[in-house]
file upload15.cif (mmCIF, C-alpha atoms)
data_work
#
loop_
_atom_site.label_atom_id
_atom_site.label_comp_id
_atom_site.auth_asym_id
_atom_site.auth_seq_id
_atom_site.Cartn_x
_atom_site.Cartn_y
_atom_site.Cartn_z
CA MET A 1 0.00 0.00 0.00
CA ASN A 2 1.49 3.29 -1.10
CA LEU A 3 0.60 6.00 1.42
CA LEU A 4 1.80 8.62 -1.06
CA LYS A 5 -1.13 7.68 -3.32
CA VAL A 6 -3.59 8.03 -0.43
CA ASN A 7 -2.14 11.43 0.43
CA GLU A 8 -2.28 12.61 -3.18
CA ALA A 9 -5.95 11.64 -3.49
CA TYR A 10 -6.65 13.32 -0.15
CA GLU A 11 -4.95 16.57 -1.19
CA PHE A 12 -6.86 16.59 -4.48
CA LEU A 13 -10.20 16.18 -2.72
CA LYS A 14 -9.32 18.92 -0.23
CA SER A 15 -8.52 21.23 -3.15
CA LYS A 16 -12.02 20.58 -4.52
CA GLY A 17 -13.66 21.71 -1.28
CA ILE A 18 -14.22 18.32 0.34
CA MET A 19 -14.41 18.95 4.09
CA PRO A 20 -13.44 16.60 6.95
CA SER A 21 -16.34 14.23 7.64
CA SER A 22 -17.06 11.66 10.33
CA ILE A 23 -19.67 9.60 8.42
CA GLY A 24 -18.98 7.60 5.27
CA ILE A 25 -21.50 5.67 3.18
CA VAL A 26 -20.93 3.08 0.45
CA LEU A 27 -23.95 2.63 -1.82
CA GLY A 28 -24.43 -0.69 -3.58
CA THR A 29 -26.36 -1.82 -6.64
CA GLY A 30 -29.54 0.18 -7.22
CA LEU A 31 -29.04 2.32 -4.10
CA GLY A 32 -27.83 5.63 -5.49
CA LYS A 33 -30.70 7.94 -4.56
CA LEU A 34 -29.65 8.48 -0.95
CA VAL A 35 -27.45 11.30 -2.21
CA ASP A 36 -30.61 13.27 -3.07
CA GLU A 37 -31.04 13.74 0.69
CA LEU A 38 -27.79 15.71 0.98
CA SER A 39 -27.54 19.50 0.90
CA ASN A 40 -24.58 21.67 -0.19
CA LYS A 41 -23.28 18.84 -2.35
CA ILE A 42 -19.93 18.56 -4.07
CA THR A 43 -19.81 15.78 -6.68
CA ILE A 44 -16.58 14.42 -8.15
CA GLU A 45 -16.34 11.65 -10.75
CA TYR A 46 -14.08 8.78 -9.72
CA GLY A 47 -12.06 9.26 -12.90
CA GLU A 48 -10.97 12.71 -11.71
CA ILE A 49 -9.53 11.49 -8.38
CA PRO A 50 -5.91 10.35 -8.44
CA TYR A 51 -5.55 6.55 -8.26
CA PHE A 52 -9.30 5.91 -7.91
CA PRO A 53 -10.51 3.04 -10.08
CA GLU A 54 -13.56 3.63 -12.24
CA SER A 55 -16.75 1.64 -11.73
CA THR A 56 -17.54 -0.52 -14.75
CA VAL A 57 -20.83 -1.95 -13.45
CA GLU A 58 -24.21 -0.82 -14.68
CA PHE A 59 -26.26 0.88 -11.93
CA HIS A 60 -23.05 1.99 -10.16
CA SER A 61 -22.63 5.71 -10.86
CA GLY A 62 -18.97 6.10 -9.97
CA LYS A 63 -19.07 9.35 -8.01
CA LEU A 64 -17.74 10.60 -4.69
CA ILE A 65 -20.24 12.99 -3.14
CA PHE A 66 -19.76 15.26 -0.16
CA GLY A 67 -22.74 16.94 1.51
CA GLU A 68 -24.58 17.70 4.71
CA LEU A 69 -27.32 15.67 6.35
CA PHE A 70 -28.83 16.73 9.68
CA ASN A 71 -25.98 19.25 10.09
CA LYS A 72 -23.37 16.51 9.75
CA ASN A 73 -20.73 16.24 7.04
CA VAL A 74 -21.17 13.03 5.05
CA LEU A 75 -19.03 11.40 2.35
CA VAL A 76 -20.72 8.98 -0.05
CA LEU A 77 -19.30 6.51 -2.54
CA GLN A 78 -22.05 6.25 -5.15
CA GLY A 79 -20.91 2.97 -6.63
CA ARG A 80 -18.12 0.63 -5.52
CA PHE A 81 -15.46 -1.60 -7.07
CA HIS A 82 -15.65 -5.37 -7.29
CA TYR A 83 -13.12 -8.16 -7.53
CA TYR A 84 -14.97 -9.58 -10.54
CA GLU A 85 -14.34 -6.34 -12.46
CA GLY A 86 -10.67 -7.25 -12.49
CA TYR A 87 -9.56 -4.91 -9.72
CA ASN A 88 -7.16 -6.13 -7.07
CA MET A 89 -7.99 -5.81 -3.40
CA GLU A 90 -5.76 -2.77 -2.91
CA GLU A 91 -7.70 -0.93 -5.61
CA ILE A 92 -11.06 -2.03 -4.19
CA VAL A 93 -10.35 -0.63 -0.72
CA PHE A 94 -8.33 2.43 -1.77
CA PRO A 95 -11.33 4.79 -1.30
CA ILE A 96 -11.81 3.53 2.26
CA ARG A 97 -8.22 4.47 3.09
CA VAL A 98 -8.79 7.93 1.62
CA PHE A 99 -11.99 8.16 3.72
CA LYS A 100 -9.91 7.59 6.85
CA LYS A 101 -7.62 10.44 5.87
CA LEU A 102 -10.72 12.63 5.50
CA GLY A 103 -11.78 11.88 9.09
CA ILE A 104 -14.33 9.09 8.67
CA LYS A 105 -15.10 7.35 11.98
CA VAL A 106 -18.30 5.46 11.03
CA LEU A 107 -18.84 3.60 7.76
CA ILE A 108 -22.32 2.57 6.61
CA LEU A 109 -22.19 -0.06 3.87
CA SER A 110 -25.02 -1.28 1.68
CA ASN A 111 -25.37 -3.92 -1.00
CA ALA A 112 -27.81 -6.01 -2.96
CA ALA A 113 -27.68 -9.67 -1.96
CA GLY A 114 -29.41 -12.99 -2.45
CA ALA A 115 -31.33 -14.51 0.46
CA LEU A 116 -29.89 -17.89 1.44
CA ASN A 117 -32.11 -17.95 4.52
CA LEU A 118 -35.46 -19.03 3.09
CA ASN A 119 -37.30 -17.37 5.98
CA PHE A 120 -36.30 -14.03 4.43
CA ASN A 121 -38.32 -12.49 1.62
CA LYS A 122 -36.93 -10.64 -1.37
CA GLY A 123 -37.38 -6.91 -1.10
CA SER A 124 -36.65 -6.89 2.63
CA LEU A 125 -33.62 -5.46 4.42
CA MET A 126 -31.07 -7.55 6.32
CA LEU A 127 -28.86 -6.06 8.99
CA ILE A 128 -25.42 -7.65 8.67
CA THR A 129 -24.32 -8.99 12.04
CA ASP A 130 -21.19 -10.80 10.81
CA HIS A 131 -19.58 -12.07 7.62
CA ILE A 132 -17.76 -15.04 6.10
CA ASN A 133 -15.00 -14.10 3.68
CA LEU A 134 -14.62 -16.45 0.70
CA PHE A 135 -12.72 -14.12 -1.62
CA PRO A 136 -9.56 -15.82 -2.94
CA THR A 137 -7.35 -12.94 -1.82
CA HIS A 138 -7.27 -10.29 0.88
CA PRO A 139 -6.89 -6.48 1.17
CA LEU A 140 -4.24 -6.72 3.90
CA ILE A 141 -1.84 -9.08 2.13
CA GLY A 142 1.65 -7.63 1.71
CA ASN A 143 3.73 -5.22 3.78
CA ASN A 144 1.70 -3.64 6.57
CA GLU A 145 1.62 0.13 6.88
CA GLU A 146 1.72 0.70 10.64
CA GLU A 147 0.42 4.22 10.06
CA LEU A 148 -2.84 2.66 8.82
CA GLY A 149 -3.30 -0.11 11.37
CA PRO A 150 -1.82 -3.20 13.05
CA ARG A 151 -0.34 -6.20 11.23
CA PHE A 152 -2.98 -8.51 12.75
CA PRO A 153 -6.21 -6.51 13.18
CA ASP A 154 -8.89 -7.96 15.44
CA MET A 155 -12.15 -8.85 13.69
CA SER A 156 -14.17 -10.00 16.70
CA GLU A 157 -16.48 -7.04 16.16
CA SER A 158 -16.41 -6.45 12.43
CA TYR A 159 -19.85 -4.84 12.65
CA ASN A 160 -20.08 -2.51 15.60
CA LYS A 161 -22.46 -3.77 18.32
CA ASP A 162 -23.65 -0.30 19.33
CA LEU A 163 -24.46 0.55 15.70
CA ILE A 164 -26.28 -2.76 15.29
CA GLU A 165 -28.47 -1.99 18.30
CA LEU A 166 -29.11 1.55 17.08
CA ILE A 167 -30.21 0.27 13.67
CA LYS A 168 -32.51 -2.31 15.30
CA VAL A 169 -34.18 0.38 17.41
CA SER A 170 -34.44 2.75 14.43
CA ALA A 171 -36.11 0.05 12.31
CA LYS A 172 -38.58 -0.66 15.10
CA ASP A 173 -39.39 3.05 15.46
CA LEU A 174 -40.05 3.27 11.72
CA ASP A 175 -42.05 0.01 11.68
CA ILE A 176 -39.58 -1.50 9.19
CA THR A 177 -39.15 -5.26 9.01
CA LEU A 178 -35.44 -5.85 9.48
CA GLU A 179 -33.92 -9.30 9.16
CA LYS A 180 -30.62 -10.06 10.87
CA GLY A 181 -27.94 -12.37 9.55
CA VAL A 182 -24.51 -13.33 8.24
CA TYR A 183 -23.32 -12.03 4.87
CA ILE A 184 -21.11 -14.40 2.88
CA SER A 185 -19.00 -13.46 -0.11
CA ALA A 186 -18.89 -14.97 -3.57
CA GLN A 187 -16.27 -14.07 -6.15
CA GLY A 188 -18.74 -13.49 -9.01
CA PRO A 189 -19.72 -12.32 -11.49
CA MET A 190 -21.87 -15.39 -12.09
CA LEU A 191 -24.68 -16.28 -9.73
CA GLU A 192 -24.44 -19.56 -7.88
CA THR A 193 -25.50 -23.10 -8.73
CA PRO A 194 -28.04 -24.93 -6.56
CA ALA A 195 -25.21 -26.99 -5.00
CA GLU A 196 -23.25 -23.82 -4.23
CA TYR A 197 -26.27 -22.23 -2.54
CA ARG A 198 -26.59 -25.33 -0.35
CA MET A 199 -22.90 -25.12 0.55
CA LEU A 200 -23.03 -21.40 1.38
CA LYS A 201 -26.04 -21.95 3.62
CA LYS A 202 -24.33 -24.85 5.42
CA LEU A 203 -21.30 -22.64 5.99
CA GLY A 204 -23.53 -20.25 7.94
CA GLY A 205 -24.55 -17.62 5.40
CA ASP A 206 -27.94 -15.92 5.47
CA ALA A 207 -27.28 -13.76 2.41
CA VAL A 208 -24.72 -13.93 -0.39
CA GLY A 209 -23.14 -11.10 -2.36
CA MET A 210 -20.01 -10.07 -4.25
CA SER A 211 -18.79 -7.04 -2.29
CA THR A 212 -18.60 -5.28 1.09
CA ILE A 213 -16.31 -7.64 3.01
CA PRO A 214 -13.01 -6.24 1.65
CA GLU A 215 -14.18 -2.72 2.55
CA VAL A 216 -15.08 -3.82 6.09
CA ILE A 217 -11.70 -5.52 6.56
CA ALA A 218 -9.87 -2.39 5.41
CA ALA A 219 -12.07 -0.14 7.56
CA ARG A 220 -11.53 -2.21 10.70
CA HIS A 221 -7.80 -2.23 10.03
CA LEU A 222 -8.05 1.58 10.04
CA GLY A 223 -10.11 1.65 13.25
CA ILE A 224 -13.32 2.76 11.52
CA LYS A 225 -16.58 1.44 13.01
CA CYS A 226 -18.77 -0.39 10.48
CA CYS A 227 -22.39 -1.33 9.98
CA GLY A 228 -23.95 -2.96 6.94
CA ILE A 229 -27.38 -3.43 5.39
CA SER A 230 -28.24 -5.81 2.55
CA ILE A 231 -31.26 -5.39 0.32
CA LEU A 232 -32.40 -8.92 -0.45
CA THR A 233 -33.18 -8.91 -4.16
CA ASP A 234 -33.74 -12.61 -4.80
CA GLU A 235 -34.45 -15.85 -2.97
CA CYS A 236 -31.75 -18.51 -3.32
CA ASP A 237 -33.84 -21.66 -2.95
CA PRO A 238 -31.75 -24.46 -4.47
CA ASP A 239 -34.79 -26.72 -4.85
CA ASN A 240 -36.84 -24.11 -6.72
CA LEU A 241 -34.21 -22.11 -8.53
CA LYS A 242 -35.27 -20.05 -11.53
CA PRO A 243 -33.11 -18.11 -13.99
CA ILE A 244 -32.28 -14.66 -12.62
CA ASP A 245 -33.31 -11.54 -14.50
CA ILE A 246 -30.84 -8.81 -13.53
CA ASN A 247 -33.45 -6.16 -14.40
CA GLU A 248 -35.80 -7.73 -11.84
CA ILE A 249 -33.04 -7.59 -9.23
CA ILE A 250 -32.45 -3.91 -9.93
CA LYS A 251 -36.19 -3.21 -9.83
CA ILE A 252 -36.48 -4.81 -6.38
CA ALA A 253 -33.45 -2.84 -5.15
CA PHE A 254 -35.00 0.41 -6.39
CA GLU A 255 -38.29 -0.37 -4.62
CA ALA A 256 -36.60 -1.26 -1.32
CA GLU A 257 -34.33 1.78 -1.54
CA LYS A 258 -37.05 4.07 -0.18
CA VAL A 259 -37.19 2.05 3.04
CA PHE A 260 -33.40 1.91 3.20
CA ILE A 261 -33.17 5.72 2.90
CA ARG A 262 -35.66 6.23 5.73
CA LEU A 263 -33.63 3.93 7.97
CA VAL A 264 -30.28 5.55 7.15
CA ASN A 265 -31.72 9.02 7.64
CA LEU A 266 -32.91 8.18 11.14
CA LEU A 267 -29.61 6.47 11.94
CA ILE A 268 -27.55 9.51 10.95
CA LYS A 269 -29.93 11.89 12.70
CA GLN A 270 -29.13 10.14 15.99
CA PHE A 271 -25.35 10.32 15.62
CA GLU A 272 -23.68 12.81 17.94
#
call {"tool": "encode", "arguments": {"input": "upload15.cif", "output": "structure tokens"}}
result
Amino acid sequence: MNLLKVNEAYEFLKSKGIMPSSIGIVLGTGLGKLVDELSNKITIEYGEIPYFPESTVEFHSGKLIFGELFNKNVLVLQGRFHYYEGYNMEEIVFPIRVFKKLGIKVLILSNAAGALNLNFNKGSLMLITDHINLFPTHPLIGNNEEELGPRFPDMSESYNKDLIELIKVSAKDLDITLEKGVYISAQGPMLETPAEYRMLKKLGGDAVGMSTIPEVIAARHLGIKCCGISILTDECDPDNLKPIDINEIIKIAFEAEKVFIRLVNLLIKQFE
């Protein structure tokens, strides 16, 4: 990890008027409209920022957006980077390291995921309580930069317990059905076979996706508190599996996004 690259990206963003912020948000597939809630926005395309990759996935805008929400400075990644796009782990988590430089203390992550737990319905939200990392490589492999974090970071609380409780209470106050479960990673970009869905469920997964975990690992290495919410866009029933229509997945994500925005708004409103 080259800290000079992080510093160069940081200095560029400062020169564009990006202010220190304590709250960072990563928006997944079909979840870009949260930025409409922000005031006094500054929007920068990923391609303008030194060393940022560019999102190649449809429905991922590829913009860093700074703004205010409930009198708090917020930084948003509207679109993320995936291993299946051909990026290495250092590239995938580079924005999270720049976030740390910009003062981020809490990171809210979102994604679209498939429901392995057949008690969960598509279109609902799942609060991520833990994860299982099945990516074939890791964002912390290589020389450790002690300035960023320890060689062997503790992951016993990958998803902050206080934030988990706050999200549970917020969902209850808003009368939102909120599932709770373990997010498990798949390399992608293909969706899984029936046998693979059975395996992932037996491993302990409640939802499966192709992102998020590398960002959480990097954030925890940096000492950033994390919380995560999955929008469950399809039901992964290996005994009744039907071909997936990606447009249907995006449609479900768009519909659930309104509920997701209400929940995130209340969460941020309660931050000190």
call {"tool": "residues_around", "arguments": {"input": "upload15.cif", "residues": "Gly17 (chain A)", "least_positions_apart": "4", "cutoff": "10 Å", "atoms": "all atoms listed in the file", "output": "ChimeraX atom specification"}}
result
/A:12-13,42,66
call {"tool": "axis_aligned_box", "arguments": {"input": "upload15.cif", "around": "region 99-103 of chain A", "padding_each_side": "5 Å", "output": "JSON"}}
result
{"center_x": -9.8, "center_y": 10.1, "center_z": 6.4, "size_x": 14.4, "size_y": 15.0, "size_z": 15.4}
call {"tool": "resolve_selection", "arguments": {"input": "upload15.cif", "expression": "the PyMOL selection byres ((chain A and resi 134-140) around 7)", "output": "number ranges by chain"}}
result
A: 89-90, 132-133, 141-142, 185-187, 214, 218
call {"tool": "closest_atom_pairs", "arguments": {"input": "upload15.cif", "of": "region 47-106 of chain A", "to": "region 32-37 of chain A", "cutoff": "10 Å", "atoms": "only C-alpha atoms", "output": "Markdown table"}}
result
| residue | atom | partner | partner_atom | distance |
| --- | --- | --- | --- | --- |
| A:Phe59 | CA | A:Gly32 | CA | 8.2 |
| A:His60 | CA | A:Gly32 | CA | 7.6 |
| A:Ser61 | CA | A:Gly32 | CA | 7.5 |
| A:Gly62 | CA | A:Gly32 | CA | 9.9 |
| A:Lys63 | CA | A:Gly32 | CA | 9.8 |
| A:Ile65 | CA | A:Val35 | CA | 7.5 |
| A:Phe66 | CA | A:Val35 | CA | 8.9 |
| A:Gly67 | CA | A:Val35 | CA | 8.2 |
| A:Glu68 | CA | A:Glu37 | CA | 8.6 |
| A:Leu69 | CA | A:Glu37 | CA | 7.0 |
| A:Phe70 | CA | A:Glu37 | CA | 9.7 |
| A:Val74 | CA | A:Val35 | CA | 9.8 |
| A:Leu75 | CA | A:Val35 | CA | 9.6 |
| A:Val76 | CA | A:Val35 | CA | 7.4 |
| A:Leu77 | CA | A:Gly32 | CA | 9.1 |
| A:Gln78 | CA | A:Gly32 | CA | 5.8 |
| A:Gly79 | CA | A:Gly32 | CA | 7.5 |
call {"tool": "resolve_selection", "arguments": {"input": "upload15.cif", "expression": "the PyMOL selection byres ((chain A and resi 271) around 10)", "output": "PyMOL selection string"}}
result
chain A and resi 22-23+70+72+106+163+166+266-270+272
call {"tool": "write_last_selection", "arguments": {"input": "upload15.cif", "atoms": "C-alpha atoms", "output": "PDB file, in the coordinates of the input"}}
result
ATOM      1  CA  SER A  22     -17.060  11.660  10.330  1.00  0.00           C
ATOM      2  CA  ILE A  23     -19.670   9.600   8.420  1.00  0.00           C
ATOM      3  CA  PHE A  70     -28.830  16.730   9.680  1.00  0.00           C
ATOM      4  CA  LYS A  72     -23.370  16.510   9.750  1.00  0.00           C
ATOM      5  CA  VAL A 106     -18.300   5.460  11.030  1.00  0.00           C
ATOM      6  CA  LEU A 163     -24.460   0.550  15.700  1.00  0.00           C
ATOM      7  CA  LEU A 166     -29.110   1.550  17.080  1.00  0.00           C
ATOM      8  CA  LEU A 266     -32.910   8.180  11.140  1.00  0.00           C
ATOM      9  CA  LEU A 267     -29.610   6.470  11.940  1.00  0.00           C
ATOM     10  CA  ILE A 268     -27.550   9.510  10.950  1.00  0.00           C
ATOM     11  CA  LYS A 269     -29.930  11.890  12.700  1.00  0.00           C
ATOM     12  CA  GLN A 270     -29.130  10.140  15.990  1.00  0.00           C
ATOM     13  CA  GLU A 272     -23.680  12.810  17.940  1.00  0.00           C
TER      14      GLU A 272
END
call {"tool": "atom_distance", "arguments": {"input": "upload15.cif", "atom1": "CA of Ser21 (chain A)", "atom2": "CA of Pro150 (chain A)"}}
result
23.3 Å
call {"tool": "resolve_selection", "arguments": {"input": "upload15.cif", "expression": "the PyMOL selection byres ((chain A and resi 212) around 12)", "output": "NGL selection string"}}
result
:A and (25-29 or 79-83 or 89 or 92-93 or 96 or 107-113 or 128 or 130-135 or 139 or 158-159 or 183-187 or 208-211 or 213-219 or 226-230)
call {"tool": "closest_residue", "arguments": {"input": "upload15.cif", "among": "A:Leu222, A:Ile244, A:Ala207, A:Ile250", "to": "Leu118 (chain A)", "atoms": "all atoms listed in the file"}}
result
A:Ala207
call {"tool": "atom_distance", "arguments": {"input": "upload15.cif", "atom1": "CA of Gly47 (chain A)", "atom2": "CA of Asn73 (chain A)"}}
result
22.8 Å
call {"tool": "closest_residue", "arguments": {"input": "upload15.cif", "among": "A:Lys168, A:Asp154, A:Lys5, A:Leu102", "to": "Leu127 (chain A)", "atoms": "all atoms listed in the file"}}
result
A:Lys168
call {"tool": "residues_around", "arguments": {"input": "upload15.cif", "residues": "Thr177 (chain A)", "least_positions_apart": "6", "cutoff": "10 Å", "atoms": "all atoms listed in the file", "output": "number ranges by chain"}}
result
A: 124-126, 168, 171, 259
call {"tool": "atom_distance", "arguments": {"input": "upload15.cif", "atom1": "CA of Val98 (chain A)", "atom2": "CA of Val6 (chain A)"}}
result
5.6 Å
call {"tool": "residues_around", "arguments": {"input": "upload15.cif", "residues": "Pro243 (chain A)", "least_positions_apart": "5", "cutoff": "12 Å", "atoms": "only C-alpha atoms", "output": "list in words"}}
result
Met190, Leu191, Glu192, Thr193, Pro194, Asp234, Glu235, Cys236, Asp237, Pro238, Glu248 and Ile249 of chain A
call {"tool": "write_last_selection", "arguments": {"input": "upload15.cif", "atoms": "C-alpha atoms", "output": "CSV table (one decimal), keeping the file's coordinate frame"}}
result
chain,number,residue,atom,x,y,z
A,190,MET,CA,-21.9,-15.4,-12.1
A,191,LEU,CA,-24.7,-16.3,-9.7
A,192,GLU,CA,-24.4,-19.6,-7.9
A,193,THR,CA,-25.5,-23.1,-8.7
A,194,PRO,CA,-28.0,-24.9,-6.6
A,234,ASP,CA,-33.7,-12.6,-4.8
A,235,GLU,CA,-34.4,-15.8,-3.0
A,236,CYS,CA,-31.8,-18.5,-3.3
A,237,ASP,CA,-33.8,-21.7,-3.0
A,238,PRO,CA,-31.8,-24.5,-4.5
A,248,GLU,CA,-35.8,-7.7,-11.8
A,249,ILE,CA,-33.0,-7.6,-9.2
call {"tool": "closest_residue", "arguments": {"input": "upload15.cif", "among": "A:Ile224, A:Leu4, A:Ala9, A:Ile176", "to": "Ile49 (chain A)", "atoms": "all atoms listed in the file"}}
result
A:Ala9
call {"tool": "closest_residue", "arguments": {"input": "upload15.cif", "among": "A:Gly181, A:Gly223, A:Gly114, A:Gly103", "to": "Glu147 (chain A)", "atoms": "all atoms listed in the file"}}
result
A:Gly223
